[in-house]
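Comments concern the structure below.
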Amino acid sequence: MTDVVQAPPDAAERRAKPAVVVYPNGTLPPPDMAMLAAARANLRKVDEIIVPPREGGSFRVPRGYFFRIVSTEGPQVGDLNLWNADDLSERFFSGKTRALHATHVSTGDRLWSSLPYLRPMATITHDTLGWYGWDQDGAGIHDVIGTRCDPYTHRLLGGGDYHRCCHSNLSRALGAATGKPAHEVEHLVHDVLNVFMCTGFTHDTHQYFMKASPVRPGDFIEFFAEIDLLGALSACPGGDCGATHSSDAAACHPLKVEILATEPELLTGWRPPERSSYGRSHGE
Ligand SMILES: [Zn+2]
C-alpha cells in the first residue's frame with residue numbers, strides 16, 4: 001500500500017513560489033551565429049561514413065570543420081557520443097548541456113564537455129527538424145534526457161542478453177577507433193545526444209516517454225566542431241523509437257555522418273575555446 005502523506009495547511013502557498021530558470025537565457029557567451037552562417041554557406045564534403053542499422057561507427061572532425069548526421073533511408077534515431085580527440089577523459093556532458101540549454105537542443109545550442117573542462121565541444125548550426133518545437137504531448141526532438149539503451153538495464157528488466165543496444169554499439173565503435181576491445185573502453189561511453197529522437201515526460205507521472213520520430217530521409221542536424229573531435233554514433237535498435245528498443249523487432253535504417261570543410265578565412269574571429277580556467281583548489 002502506498003504511504004499517503006497529508007499536505008500541510010500552507011501547501012498551496014508553498015507551491016505558488018515563482019519558477020526561476022536556473023541558467024537564464026542570455027547569460028552564456030553566445031556563439032557567433034552570423035559568422036557560422038557565412039562559413040556554412042561554403043561547405044565542401046571531405047569524408048563520410050555510413051552507420052549500418054543496429055551498429056555503431058566512429059568518425060573524426062578537426063576543429064573548425066562541420067559535421068552532419070543525415071537520415072538516408074527511413075526514420076531512424078541515432079545516439080551520439082563525442083570526445084576530445086586528444087584526451088578521451090574530456091567528453092560530452094549531457095546533464096550540464098540540459099541544464100544550460102533545455103531538455104532538447106537545436107540550432108544555436110552547444111554541446112558542453114565534462115568537468116573539469118566545461119567548454120563547448122560543438123555548436124549546432126542547422127537542424128531540419130527545428131520546425132517541430134514542442135508537440136501536444138510536450139515532446140521535442142534531439143533530447144539530452146535519455147541515457148542510451150544498454151544491455152545492463154535490459155537484463156535488469158528481465159530481457160536477457162541483447163548485444164546491439166546503443167551502449168554496446170558505441171563501445172564497439174570506440175574500441176575499433178582506439179584498437180581496444182569494447183569492454184576495455186566502455187567506461188568512456190557516456191550519456192548521449194539522442195539525435196532525431198522524439199521524447200518527453202508524461203504530464204501525469206513525469207515518466208520518460210518516446211514516440212515515433214518525425215525524421216525523414218534528407219533530414220539532418222549539423223554541428224560546428226569547436227575542438228578536435230572523435231565521435232561515435234549508434235543507429236539505435238529501436239529504429240524510429242515508436243514502439244520498442246533493445247531488440248531486433250523494430251525496423252531499422254542506416255545513418256550517414258558527413259564531415260564538411262569550410263574556407264578558413266570565413267571563420268573570422270573564431271578561436272577554439274579554452275578549457276575552464278577554474279584552478280581546481282576546491283577551497284582546500
Ligand atoms: Zn538505443
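Letters A, B, ... go to the chains of the C-alpha cells in the order shown; residues in each chain start at 1; ligands are counted from 1 in the same order.
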Expected answer as a list in words: residues within 8 Å of ligand 1, only C-alpha atoms and all ligand atoms
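What falls inside 8 Å of ligand 1 is Val77, Gly78, Asp79, Arg148, Cys149, Asp150, Cys165, Cys166, His167, Ser234, Ala235, Cys236, Pro237, Gly238, His245 and Ser246 of chain A.
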All helix (DSSP H, G or I) residues (DSSP, backbone) inside range 134-241 of chain A, as a ChimeraX atom specification
/A:151-156,166-178,182-188
Using C-alpha atoms, can you export the residues from the last selection as a PDB file, in the first residue's frame?
```
ATOM      1  CA  PRO A 151      22.399  -4.435 -22.069  1.00  0.00           C
ATOM      2  CA  TYR A 152      22.604  -3.978 -18.292  1.00  0.00           C
ATOM      3  CA  THR A 153      19.210  -2.288 -17.940  1.00  0.00           C
ATOM      4  CA  HIS A 154      17.797  -4.752 -20.460  1.00  0.00           C
ATOM      5  CA  ARG A 155      18.956  -7.645 -18.286  1.00  0.00           C
ATOM      6  CA  LEU A 156      17.772  -5.910 -15.108  1.00  0.00           C
ATOM      7  CA  CYS A 166      23.425   1.673 -28.297  1.00  0.00           C
ATOM      8  CA  HIS A 167      25.811   1.304 -25.346  1.00  0.00           C
ATOM      9  CA  SER A 168      27.336  -1.818 -26.932  1.00  0.00           C
ATOM     10  CA  ASN A 169      27.331  -0.308 -30.435  1.00  0.00           C
ATOM     11  CA  LEU A 170      29.155   2.773 -29.100  1.00  0.00           C
ATOM     12  CA  SER A 171      31.579   0.608 -27.103  1.00  0.00           C
ATOM     13  CA  ARG A 172      32.476  -1.463 -30.178  1.00  0.00           C
ATOM     14  CA  ALA A 173      32.840   1.704 -32.286  1.00  0.00           C
ATOM     15  CA  LEU A 174      35.139   3.337 -29.731  1.00  0.00           C
ATOM     16  CA  GLY A 175      37.070   0.081 -29.358  1.00  0.00           C
ATOM     17  CA  ALA A 176      37.621  -0.086 -33.120  1.00  0.00           C
ATOM     18  CA  ALA A 177      38.733   3.562 -33.154  1.00  0.00           C
ATOM     19  CA  THR A 178      41.250   3.034 -30.344  1.00  0.00           C
ATOM     20  CA  ALA A 182      34.862  -2.976 -26.368  1.00  0.00           C
ATOM     21  CA  HIS A 183      34.844  -3.948 -22.692  1.00  0.00           C
ATOM     22  CA  GLU A 184      38.095  -2.025 -22.087  1.00  0.00           C
ATOM     23  CA  VAL A 185      36.680   1.265 -23.359  1.00  0.00           C
ATOM     24  CA  GLU A 186      33.002   1.037 -22.421  1.00  0.00           C
ATOM     25  CA  HIS A 187      33.598   3.167 -19.305  1.00  0.00           C
ATOM     26  CA  LEU A 188      34.392   6.044 -21.692  1.00  0.00           C
TER      27      LEU A 188
END
```
Mind pulling up the distance from CA of Thr147 in chain A to CA of Phe220 in chain A?
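We find that CA of Phe220 in chain A and CA of Thr147 in chain A lie 21.2 Å from each other.
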Nearby residues (only C-alpha atoms) at most 9 Å from Asn84 in chain A, same-chain spacing under 6 positions excluded, as a list of chain:residue names
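The contact residues come out as A:Glu90, A:Arg91, A:Phe92, A:Ser113, A:Met121, A:Ile227, A:Asp228, A:Leu229, A:Leu230, A:Gly231.
Shortest atom-to-atom contact with Ser89 in chain A among A:Arg271, A:His203, A:Lys256, A:His190: A:His190, counting only C-alpha atoms.
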Surrounding residues of Gly146 in chain A excluding itself and chain neighbours under 4 positions, 9 Å, only C-alpha atoms, as a list in words
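Everything that qualifies: Asp191, Val192, Leu193, Asn194, Thr199 and Tyr208 of chain A.
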Each range 183-225 of chain A residue no farther than 10 Å from range 35-57 of chain A, nearest pair in Å, only C-alpha atoms, as JSON lines:
```
{"residue": "A:Glu222", "atom": "CA", "partner": "A:Arg40", "partner_atom": "CA", "distance": 9.6}
{"residue": "A:Phe223", "atom": "CA", "partner": "A:Arg40", "partner_atom": "CA", "distance": 9.9}
{"residue": "A:Phe224", "atom": "CA", "partner": "A:Leu36", "partner_atom": "CA", "distance": 8.0}
```
What would the file look like if the residues just selected were written as a PDB file, in the first residue's frame with N, CA and C atoms?
```pdb
ATOM      1  N   GLU A 222      23.241  19.523 -38.026  1.00  0.00           N
ATOM      2  CA  GLU A 222      24.609  19.917 -38.397  1.00  0.00           C
ATOM      3  C   GLU A 222      25.297  20.598 -37.224  1.00  0.00           C
ATOM      4  N   PHE A 223      26.567  20.291 -37.055  1.00  0.00           N
ATOM      5  CA  PHE A 223      27.357  20.813 -35.940  1.00  0.00           C
ATOM      6  C   PHE A 223      28.639  21.454 -36.461  1.00  0.00           C
ATOM      7  N   PHE A 224      29.106  22.448 -35.719  1.00  0.00           N
ATOM      8  CA  PHE A 224      30.433  23.029 -35.938  1.00  0.00           C
ATOM      9  C   PHE A 224      31.346  22.498 -34.842  1.00  0.00           C
TER      10      PHE A 224
END
```
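The interatomic distance for the pair CA of Ala225 in chain A and CA of Phe66 in chain A works out to 5.8 Å.
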With a distance cut-off of 7 Å and only C-alpha atoms, select the neighbouring residues of range 139-141 of chain A, excluding the residue or stretch itself and same-chain residues fewer than 5 positions from it, and output the selection as a list in words.
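That gives His104, Tyr132, Gly133, Trp134, Phe196, Met197, Cys198, Thr199 and Gly200 of chain A.
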Store the residues picked out above in a file with N, CA and C atoms, as an mmCIF file, in the first residue's frame.
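Listed below is the output, result.cif:
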```cif
data_model
loop_
_atom_site.group_PDB
_atom_site.id
_atom_site.type_symbol
_atom_site.label_atom_id
_atom_site.label_comp_id
_atom_site.auth_asym_id
_atom_site.auth_seq_id
_atom_site.Cartn_x
_atom_site.Cartn_y
_atom_site.Cartn_z
ATOM 1 N N HIS A 104 15.832 19.424 -24.785
ATOM 2 C CA HIS A 104 16.065 19.096 -26.176
ATOM 3 C C HIS A 104 16.845 20.260 -26.793
ATOM 4 N N TYR A 132 9.796 21.454 -35.450
ATOM 5 C CA TYR A 132 8.919 20.590 -34.651
ATOM 6 C C TYR A 132 8.496 21.250 -33.339
ATOM 7 N N GLY A 133 9.458 21.913 -32.692
ATOM 8 C CA GLY A 133 9.148 22.577 -31.426
ATOM 9 C C GLY A 133 8.678 21.594 -30.376
ATOM 10 N N TRP A 134 7.581 21.968 -29.688
ATOM 11 C CA TRP A 134 7.004 21.099 -28.646
ATOM 12 C C TRP A 134 5.616 20.678 -29.104
ATOM 13 N N PHE A 196 17.510 12.952 -33.472
ATOM 14 C CA PHE A 196 16.233 12.659 -34.151
ATOM 15 C C PHE A 196 15.205 11.993 -33.227
ATOM 16 N N MET A 197 15.541 11.727 -31.979
ATOM 17 C CA MET A 197 14.586 11.013 -31.120
ATOM 18 C C MET A 197 13.535 11.989 -30.605
ATOM 19 N N CYS A 198 12.284 11.534 -30.558
ATOM 20 C CA CYS A 198 11.156 12.357 -30.109
ATOM 21 C C CYS A 198 10.726 11.860 -28.726
ATOM 22 N N THR A 199 10.943 12.694 -27.731
ATOM 23 C CA THR A 199 10.772 12.254 -26.350
ATOM 24 C C THR A 199 10.196 13.371 -25.479
ATOM 25 N N GLY A 200 9.753 12.975 -24.312
ATOM 26 C CA GLY A 200 9.299 13.946 -23.321
ATOM 27 C C GLY A 200 9.039 13.234 -22.006
#
```
